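File shown here: final_11.txt, holding compact mmCIF, C-alpha atoms and all ligand atoms.
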# COMPACT_ATOMS: atom_id res chain seq x y z
CA MET A 201 0.00 0.00 0.00
CA LEU A 202 1.35 3.41 -1.00
CA PRO A 203 0.77 6.68 0.89
CA ILE A 204 -2.34 8.58 -0.25
CA ARG A 205 -2.05 12.35 -0.74
CA LEU A 206 -4.27 14.36 1.57
CA PHE A 207 -6.50 17.38 1.03
CA GLY A 208 -4.25 20.43 0.82
CA ASP A 209 -1.61 18.68 -1.31
CA PRO A 210 -1.22 20.71 -4.53
CA VAL A 211 -1.09 17.55 -6.68
CA LEU A 212 -4.80 17.03 -5.95
CA ARG A 213 -5.51 20.43 -7.54
CA THR A 214 -3.40 19.86 -10.65
CA PRO A 215 -5.14 18.58 -13.82
CA ALA A 216 -3.59 15.26 -14.86
CA GLU A 217 -2.04 14.59 -18.29
CA PRO A 218 -3.49 12.13 -20.81
CA VAL A 219 -1.74 8.76 -20.99
CA THR A 220 0.05 8.26 -24.33
CA VAL A 221 2.39 5.38 -23.51
CA PHE A 222 0.86 2.06 -22.44
CA ASP A 223 3.95 0.41 -21.05
CA ARG A 224 4.98 -1.61 -18.01
CA GLU A 225 5.21 1.56 -15.96
CA LEU A 226 1.50 2.18 -16.58
CA HIS A 227 0.71 -1.44 -15.70
CA ARG A 228 2.66 -0.94 -12.46
CA LEU A 229 0.66 2.24 -11.73
CA VAL A 230 -2.65 0.39 -12.21
CA ALA A 231 -1.41 -2.38 -9.89
CA ASP A 232 -0.34 0.17 -7.26
CA LEU A 233 -3.67 2.01 -7.49
CA THR A 234 -5.62 -1.25 -7.21
CA GLU A 235 -3.63 -2.53 -4.24
CA THR A 236 -3.76 0.77 -2.32
CA MET A 237 -7.49 1.20 -3.05
CA VAL A 238 -8.27 -2.32 -1.79
CA ASP A 239 -6.06 -2.02 1.30
CA ALA A 240 -7.31 1.48 2.26
CA PRO A 241 -10.12 0.35 1.70
CA GLY A 242 -11.89 2.59 -0.78
CA ALA A 243 -14.30 2.38 -3.71
CA GLY A 244 -11.94 4.17 -6.08
CA LEU A 245 -8.53 5.76 -6.39
CA ALA A 246 -7.14 8.19 -8.96
CA ALA A 247 -3.47 8.49 -9.92
CA PRO A 248 -3.05 12.04 -8.53
CA GLN A 249 -3.91 10.65 -5.09
CA LEU A 250 -0.64 8.69 -5.32
CA GLY A 251 1.14 11.80 -6.59
CA VAL A 252 1.09 10.71 -10.24
CA GLY A 253 -0.28 13.26 -12.73
CA LEU A 254 -1.76 10.84 -15.26
CA ARG A 255 -5.38 10.28 -16.29
CA VAL A 256 -5.91 6.86 -14.72
CA PHE A 257 -8.21 5.60 -11.98
CA THR A 258 -9.26 2.31 -10.45
CA TYR A 259 -12.67 1.47 -9.00
CA ARG A 260 -14.24 -1.29 -6.96
CA VAL A 261 -17.82 -0.84 -5.84
CA SER A 262 -18.59 -4.59 -5.76
CA ASP A 263 -16.96 -7.87 -6.79
CA GLU A 264 -18.67 -7.58 -10.17
CA GLU A 265 -18.00 -3.89 -10.66
CA GLN A 266 -14.27 -3.30 -10.45
CA GLY A 267 -11.50 -2.35 -12.82
CA HIS A 268 -9.52 0.56 -14.13
CA LEU A 269 -9.92 3.24 -16.78
CA VAL A 270 -7.36 5.32 -18.66
CA ASN A 271 -8.16 8.69 -20.30
CA PRO A 272 -11.85 8.66 -19.31
CA VAL A 273 -14.41 10.78 -21.14
CA LEU A 274 -17.85 10.87 -19.52
CA HIS A 275 -21.28 11.04 -21.12
CA PHE A 276 -24.55 11.47 -19.25
CA PRO A 277 -27.35 9.77 -21.20
CA ASP A 278 -30.15 11.52 -19.28
CA GLY A 279 -30.80 14.22 -16.72
CA GLU A 280 -31.55 11.91 -13.80
CA MET A 281 -29.68 12.84 -10.63
CA GLN A 282 -28.92 11.04 -7.35
CA ASP A 283 -28.25 12.36 -3.85
CA GLY A 284 -26.22 10.34 -1.40
CA PRO A 285 -23.22 10.23 0.88
CA GLU A 286 -19.79 10.55 -0.68
CA GLY A 287 -16.29 10.33 0.74
CA CYS A 288 -12.70 10.43 -0.46
CA LEU A 289 -9.52 8.68 0.66
CA SER A 290 -7.79 12.09 0.45
CA ILE A 291 -10.33 13.46 2.97
CA PRO A 292 -10.23 10.50 5.37
CA GLY A 293 -13.00 9.74 7.81
CA LEU A 294 -15.43 12.39 6.54
CA SER A 295 -18.42 12.23 4.20
CA TRP A 296 -21.20 14.49 3.01
CA ASP A 297 -24.18 14.23 0.70
CA CYS A 298 -23.24 15.08 -2.86
CA ARG A 299 -25.45 15.38 -5.93
CA ARG A 300 -24.36 13.34 -8.96
CA HIS A 301 -25.74 12.02 -12.22
CA GLU A 302 -27.51 8.68 -11.78
CA HIS A 303 -26.28 7.24 -15.08
CA VAL A 304 -22.91 7.62 -16.74
CA VAL A 305 -21.18 6.11 -19.73
CA ALA A 306 -17.40 6.37 -19.55
CA HIS A 307 -15.28 5.87 -22.65
CA GLY A 308 -11.54 5.38 -22.41
CA GLN A 309 -8.85 2.76 -22.67
CA ASN A 310 -7.54 -0.11 -20.60
CA MET A 311 -3.88 -0.27 -19.59
CA TYR A 312 -3.02 -1.98 -22.89
CA GLY A 313 -4.46 0.88 -24.91
CA ASP A 314 -7.60 -0.97 -26.07
CA PRO A 315 -10.75 1.18 -26.21
CA ILE A 316 -13.26 0.27 -23.48
CA SER A 317 -16.51 1.67 -22.10
CA ILE A 318 -18.06 1.40 -18.68
CA GLU A 319 -21.77 1.94 -18.05
CA GLY A 320 -22.46 2.94 -14.48
CA THR A 321 -25.58 3.44 -12.41
CA SER A 322 -26.01 4.45 -8.77
CA ARG A 323 -22.80 3.86 -6.75
CA LEU A 324 -20.66 2.98 -9.77
CA ALA A 325 -21.86 6.12 -11.56
CA ARG A 326 -21.03 8.19 -8.48
CA CYS A 327 -17.59 6.60 -8.22
CA ILE A 328 -16.75 7.19 -11.90
CA GLN A 329 -17.75 10.86 -11.63
CA HIS A 330 -15.75 11.29 -8.41
CA GLU A 331 -12.59 9.67 -9.81
CA THR A 332 -12.78 11.52 -13.14
CA ASP A 333 -13.10 14.77 -11.16
CA HIS A 334 -9.79 13.91 -9.46
CA LEU A 335 -8.12 13.86 -12.89
CA ASP A 336 -9.31 17.45 -13.44
CA GLY A 337 -8.06 18.64 -10.06
CA VAL A 338 -11.62 18.74 -8.71
CA LEU A 339 -12.56 17.38 -5.28
CA PHE A 340 -16.07 16.39 -4.27
CA VAL A 341 -16.26 19.14 -1.64
CA ASP A 342 -16.29 21.56 -4.61
CA ARG A 343 -19.63 20.06 -5.65
CA LEU A 344 -21.45 20.32 -2.31
CA ASP A 345 -24.24 22.84 -1.87
CA PRO A 346 -22.91 26.05 -0.27
CA GLU A 347 -24.17 25.34 3.24
CA THR A 348 -22.86 21.77 3.34
CA ARG A 349 -19.61 22.96 1.87
CA ARG A 350 -19.10 25.55 4.61
CA ALA A 351 -19.69 22.87 7.24
CA ALA A 352 -17.39 20.49 5.37
CA MET A 353 -14.55 23.01 5.24
CA ALA A 354 -14.84 23.58 8.98
CA GLU A 355 -14.71 19.83 9.62
CA ILE A 356 -11.71 19.47 7.32
CA ARG A 357 -9.87 22.30 9.09
CA ASN A 358 -10.46 20.55 12.41
CA ALA A 359 -9.64 17.03 11.21
CA ASP A 360 -6.76 15.40 13.04
CA TRP A 361 -4.91 14.94 9.73
CA ALA A 362 -5.36 18.60 8.64
CA GLY A 363 -2.07 20.16 7.67
CA LEU A 364 -0.20 16.88 7.45
CA SER A 365 2.05 16.68 4.44
CA THR A 366 2.72 13.39 2.74
CA PRO A 367 5.98 11.43 2.66
CA MET A 368 7.03 12.41 -0.85
CA ILE A 369 6.62 16.12 -0.05
CA LYS A 370 8.47 15.71 3.25
CA ALA A 371 11.41 14.40 1.25
CA SER A 372 11.51 17.61 -0.79
CA PRO A 373 14.49 19.88 -0.15
CA HIS A 374 12.28 22.98 -0.18
CA GLY A 375 11.46 24.70 3.07
CA GLY A 376 8.60 26.63 4.64
CA GLY A 377 4.84 26.66 4.13
CA PRO A 378 1.69 26.09 6.18
CA TYR A 379 1.44 22.36 5.45
CA GLY A 380 4.68 21.40 7.12
CA PRO A 381 8.32 22.26 6.94
CA ASN A 382 8.97 21.03 3.43
CA VAL A 383 6.08 22.12 1.21
CA PRO A 384 7.50 24.18 -1.67
CA MET A 385 6.43 27.80 -1.18
CA ARG A 386 5.43 28.32 -4.79
CA ASN A 387 2.64 25.79 -4.21
CA ALA A 388 1.60 27.14 -0.85
CA PRO A 389 -2.05 28.19 -0.74
CA ALA A 390 -2.98 31.84 -0.41
CA GLU A 391 -3.71 33.03 3.11
CA ASN A 392 -7.33 33.89 2.28
CA ASP A 393 -7.78 30.52 0.57
CA PRO A 394 -6.14 28.06 2.93
CA PHE A 395 -7.51 24.98 1.19
CA GLY A 396 -6.92 26.02 -2.38
CA LEU A 397 -10.59 25.87 -3.29
CA ARG A 398 -10.56 29.04 -5.37
CA ARG A 399 -7.69 28.05 -7.58
NI NI A 401 -11.49 10.85 -3.94
Please go through the file and, once you have read it, give me the structure as structure tokens.
Amino acid sequence: MLPIRLFGDPVLRTPAEPVTVFDRELHRLVADLTETMVDAPGAGLAAPQLGVGLRVFTYRVSDEEQGHLVNPVLHFPDGEMQDGPEGCLSIPGLSWDCRRHEHVVAHGQNMYGDPISIEGTSRLARCIQHETDHLDGVLFVDRLDPETRRAAMAEIRNADWAGLSTPMIKASPHGGGPYGPNVPMRNAPAENDPFGLRR
């Protein structure tokens, strides 16, 4: 299991790059994502959560509904929406109700570069939307209604993991910053936007 980047880490706010090379390194990434997601445990994990800026995620909402998707493009076949609790391994231990499309069709590739599609309903649809958001630097707290979001931000600020940096950032030679001694200053959030939500 690899360390999962936490809310406040700039990599979670950085749009990921499309995958163009389907090599052993990508296969390794899919294996790492799968293993860490299962061990966490979580219903999905996107590459930026492991600090990798590539458009790849894994999902596992049931034994029948699990896999991975590279370079996802989402389509919503109808306007039906769902409300329900959502959480994120980068915001551990917390969850809030989040509105999502009920049905999604995701086109993309598998790790060998073959075109694949996934049709999702209910929890799988929610998971696919959540993980694809991660690849665009979007977190589900961004999609909460304003009141819930205010409450969520307060809970996040008070979480016992708030402000913790992750091992790879700790190893950085840069100094200073509100998220620990070694967060590079150029990525440090603005004082009036401590969680980077407005970027
Ligand atoms: Ni997440």
Within 7 Å of stretch 311-324 of chain A, counting all atoms listed in the file, which residues qualify if same-chain residues fewer than 4 places away don't, as a list in words?
->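 Returned residues: Phe222, Leu226, His227, Val261, Val270, Glu302, His303, Val304, Val305, Ala306, His307 and Ile328 of chain A.
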Dump as CSV the rows for residues of stretch 211-304 of chain A within 6 Å of stretch 329-341 of chain A: closest atom pair and distance in Å with one decimal, all atoms listed in the file counted, ordered by chain and rising residue number.
residue,atom,partner,partner_atom,distance
A:Leu212,CA,A:Gly337,CA,5.5
A:Arg213,CA,A:Gly337,CA,4.0
A:Thr214,CA,A:Gly337,CA,4.9
A:Pro215,CA,A:Asp336,CA,4.3
A:Ala216,CA,A:Leu335,CA,5.1
A:Ala246,CA,A:Glu331,CA,5.7
A:Arg255,CA,A:Leu335,CA,5.6
Straight-line distance linking atom CA of A:Leu206 with atom CA of A:Gln282, stated in Å to one decimal |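 Computing the Euclidean distance for atom CA of A:Leu206 and atom CA of A:Gln282 yields 26.4 Å.
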Looking at all atoms listed in the file, which of A:Ile291, A:Met281, A:Val221, A:Leu274 is the one that sits closest to ligand NI 401 (chain A)?
->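 Of A:Ile291, A:Met281, A:Val221, A:Leu274, the one nearest ligand NI 401 (chain A) is A:Ile291, counting all atoms listed in the file.
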Cut-off 6 Å: closest chain A/ligand NI 401 (chain A) atom pairs per residue, using all atoms listed in the file, as CSV:
residue,atom,partner,partner_atom,distance
A:Cys288,CA,A:NI401,NI,3.7
A:Leu289,CA,A:NI401,NI,5.5
A:Ser290,CA,A:NI401,NI,5.9
Take atom CA of A:Asp297 and atom CA of A:Leu269 and report the distance between them in Å, one decimal.
->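 Calculated distance between atom CA of A:Asp297 and atom CA of A:Leu269 is 25.1 Å.
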So which residues touch stretch 238-240 of chain A within 10 Å, counting all atoms listed in the file, skipping near sequence neighbours fewer than 4 positions away, as a ChimeraX atom specification?
-> /A:201-204,232-234,244-245,258-260,289,292
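Using all atoms listed in the file, the shortest contact distance between A:Leu294 and any of A:Asp223, A:Asp209, A:Glu265, A:Glu355 is found at A:Glu355.
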Please identify all polymer residues within 9 Å of A:Ile356, counting all atoms listed in the file, omitting same-chain residues fewer than 4 positions from it, and present them as a count of residues only.
-> 8
Atomic distance atom CA of A:Met237 - atom CA of A:Ala325, expressed in Å with one decimal | 17.4 Å
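If you measure from each of A:Leu364, A:Cys327, A:Val252, A:Cys298 to A:Asp345 using only C-alpha atoms, the closest one turns out to be A:Cys298.
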A:Val273, A:Asn358, A:Gly284, A:His301 ranked by distance to A:Pro218, top pick (using all atoms listed in the file) | A:Val273
Give the answer as one residue: which of A:His268, A:Arg357, A:Arg350, A:Arg326 has the shortest atom-to-atom distance to A:Gly287, using all atoms listed in the file?
->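 Looking only at the distances to A:Gly287, the closest residue turns out to be A:Arg326.
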How would stretch 256-289 of chain A read, as an mmCIF file, in the frame of the given file, once N, CA and C atoms are built in?
data_model
loop_
_atom_site.group_PDB
_atom_site.id
_atom_site.type_symbol
_atom_site.label_atom_id
_atom_site.label_comp_id
_atom_site.auth_asym_id
_atom_site.auth_seq_id
_atom_site.Cartn_x
_atom_site.Cartn_y
_atom_site.Cartn_z
ATOM 1 N N VAL A 256 -5.638 8.276 -15.002
ATOM 2 C CA VAL A 256 -5.910 6.860 -14.720
ATOM 3 C C VAL A 256 -6.621 6.768 -13.369
ATOM 4 N N PHE A 257 -7.654 5.921 -13.304
ATOM 5 C CA PHE A 257 -8.210 5.600 -11.980
ATOM 6 C C PHE A 257 -8.609 4.136 -11.914
ATOM 7 N N THR A 258 -8.727 3.645 -10.682
ATOM 8 C CA THR A 258 -9.260 2.310 -10.450
ATOM 9 C C THR A 258 -10.552 2.450 -9.645
ATOM 10 N N TYR A 259 -11.402 1.438 -9.737
ATOM 11 C CA TYR A 259 -12.670 1.470 -9.000
ATOM 12 C C TYR A 259 -13.024 0.064 -8.550
ATOM 13 N N ARG A 260 -13.790 -0.002 -7.462
ATOM 14 C CA ARG A 260 -14.240 -1.290 -6.960
ATOM 15 C C ARG A 260 -15.439 -1.042 -6.050
ATOM 16 N N VAL A 261 -16.627 -1.066 -6.644
ATOM 17 C CA VAL A 261 -17.820 -0.840 -5.840
ATOM 18 C C VAL A 261 -18.497 -2.155 -5.463
ATOM 19 N N SER A 262 -18.132 -3.247 -6.130
ATOM 20 C CA SER A 262 -18.590 -4.590 -5.760
ATOM 21 C C SER A 262 -17.653 -5.574 -6.453
ATOM 22 N N ASP A 263 -17.825 -6.861 -6.148
ATOM 23 C CA ASP A 263 -16.960 -7.870 -6.790
ATOM 24 C C ASP A 263 -17.149 -7.866 -8.302
ATOM 25 N N GLU A 264 -18.382 -7.551 -8.734
ATOM 26 C CA GLU A 264 -18.670 -7.580 -10.170
ATOM 27 C C GLU A 264 -18.255 -6.275 -10.847
ATOM 28 N N GLU A 265 -18.266 -5.201 -10.080
ATOM 29 C CA GLU A 265 -18.000 -3.890 -10.660
ATOM 30 C C GLU A 265 -16.662 -3.351 -10.162
ATOM 31 N N GLN A 266 -15.590 -3.790 -10.803
ATOM 32 C CA GLN A 266 -14.270 -3.300 -10.450
ATOM 33 C C GLN A 266 -13.384 -3.308 -11.686
ATOM 34 N N GLY A 267 -12.392 -2.428 -11.675
ATOM 35 C CA GLY A 267 -11.500 -2.350 -12.820
ATOM 36 C C GLY A 267 -10.721 -1.053 -12.809
ATOM 37 N N HIS A 268 -10.264 -0.683 -14.007
ATOM 38 C CA HIS A 268 -9.520 0.560 -14.130
ATOM 39 C C HIS A 268 -9.906 1.232 -15.436
ATOM 40 N N LEU A 269 -9.624 2.512 -15.549
ATOM 41 C CA LEU A 269 -9.920 3.240 -16.780
ATOM 42 C C LEU A 269 -8.835 4.287 -17.001
ATOM 43 N N VAL A 270 -8.382 4.363 -18.250
ATOM 44 C CA VAL A 270 -7.360 5.320 -18.660
ATOM 45 C C VAL A 270 -8.009 6.340 -19.591
ATOM 46 N N ASN A 271 -7.660 7.595 -19.443
ATOM 47 C CA ASN A 271 -8.160 8.690 -20.300
ATOM 48 C C ASN A 271 -9.688 8.720 -20.405
ATOM 49 N N PRO A 272 -10.393 8.721 -19.266
ATOM 50 C CA PRO A 272 -11.850 8.660 -19.310
ATOM 51 C C PRO A 272 -12.488 9.929 -19.894
ATOM 52 N N VAL A 273 -13.545 9.700 -20.671
ATOM 53 C CA VAL A 273 -14.410 10.780 -21.140
ATOM 54 C C VAL A 273 -15.834 10.383 -20.771
ATOM 55 N N LEU A 274 -16.531 11.239 -20.041
ATOM 56 C CA LEU A 274 -17.850 10.870 -19.520
ATOM 57 C C LEU A 274 -18.978 11.421 -20.367
ATOM 58 N N HIS A 275 -20.034 10.605 -20.487
ATOM 59 C CA HIS A 275 -21.280 11.040 -21.120
ATOM 60 C C HIS A 275 -22.421 10.739 -20.160
ATOM 61 N N PHE A 276 -23.391 11.651 -20.117
ATOM 62 C CA PHE A 276 -24.550 11.470 -19.250
ATOM 63 C C PHE A 276 -25.767 11.307 -20.146
ATOM 64 N N PRO A 277 -26.307 10.061 -20.233
ATOM 65 C CA PRO A 277 -27.350 9.770 -21.200
ATOM 66 C C PRO A 277 -28.691 10.428 -20.878
ATOM 67 N N ASP A 278 -28.889 10.869 -19.628
ATOM 68 C CA ASP A 278 -30.150 11.520 -19.280
ATOM 69 C C ASP A 278 -29.902 12.517 -18.155
ATOM 70 N N GLY A 279 -30.947 13.176 -17.733
ATOM 71 C CA GLY A 279 -30.800 14.220 -16.720
ATOM 72 C C GLY A 279 -31.046 13.733 -15.297
ATOM 73 N N GLU A 280 -31.234 12.413 -15.133
ATOM 74 C CA GLU A 280 -31.550 11.910 -13.800
ATOM 75 C C GLU A 280 -30.396 12.099 -12.833
ATOM 76 N N MET A 281 -30.721 12.572 -11.618
ATOM 77 C CA MET A 281 -29.680 12.840 -10.630
ATOM 78 C C MET A 281 -29.887 11.934 -9.415
ATOM 79 N N GLN A 282 -28.824 11.780 -8.613
ATOM 80 C CA GLN A 282 -28.920 11.040 -7.350
ATOM 81 C C GLN A 282 -28.298 11.884 -6.248
ATOM 82 N N ASP A 283 -28.844 11.755 -5.034
ATOM 83 C CA ASP A 283 -28.250 12.360 -3.850
ATOM 84 C C ASP A 283 -27.819 11.236 -2.924
ATOM 85 N N GLY A 284 -26.669 11.381 -2.314
ATOM 86 C CA GLY A 284 -26.220 10.340 -1.400
ATOM 87 C C GLY A 284 -24.875 10.690 -0.819
ATOM 88 N N PRO A 285 -24.481 9.943 0.205
ATOM 89 C CA PRO A 285 -23.220 10.230 0.880
ATOM 90 C C PRO A 285 -22.019 9.900 -0.002
ATOM 91 N N GLU A 286 -21.009 10.759 0.092
ATOM 92 C CA GLU A 286 -19.790 10.550 -0.680
ATOM 93 C C GLU A 286 -18.591 10.826 0.214
ATOM 94 N N GLY A 287 -17.515 10.121 -0.022
ATOM 95 C CA GLY A 287 -16.290 10.330 0.740
ATOM 96 C C GLY A 287 -15.097 10.220 -0.185
ATOM 97 N N CYS A 288 -13.910 10.422 0.364
ATOM 98 C CA CYS A 288 -12.700 10.430 -0.460
ATOM 99 C C CYS A 288 -11.524 10.006 0.410
ATOM 100 N N LEU A 289 -10.673 9.144 -0.111
ATOM 101 C CA LEU A 289 -9.520 8.680 0.660
ATOM 102 C C LEU A 289 -8.535 9.820 0.948
#
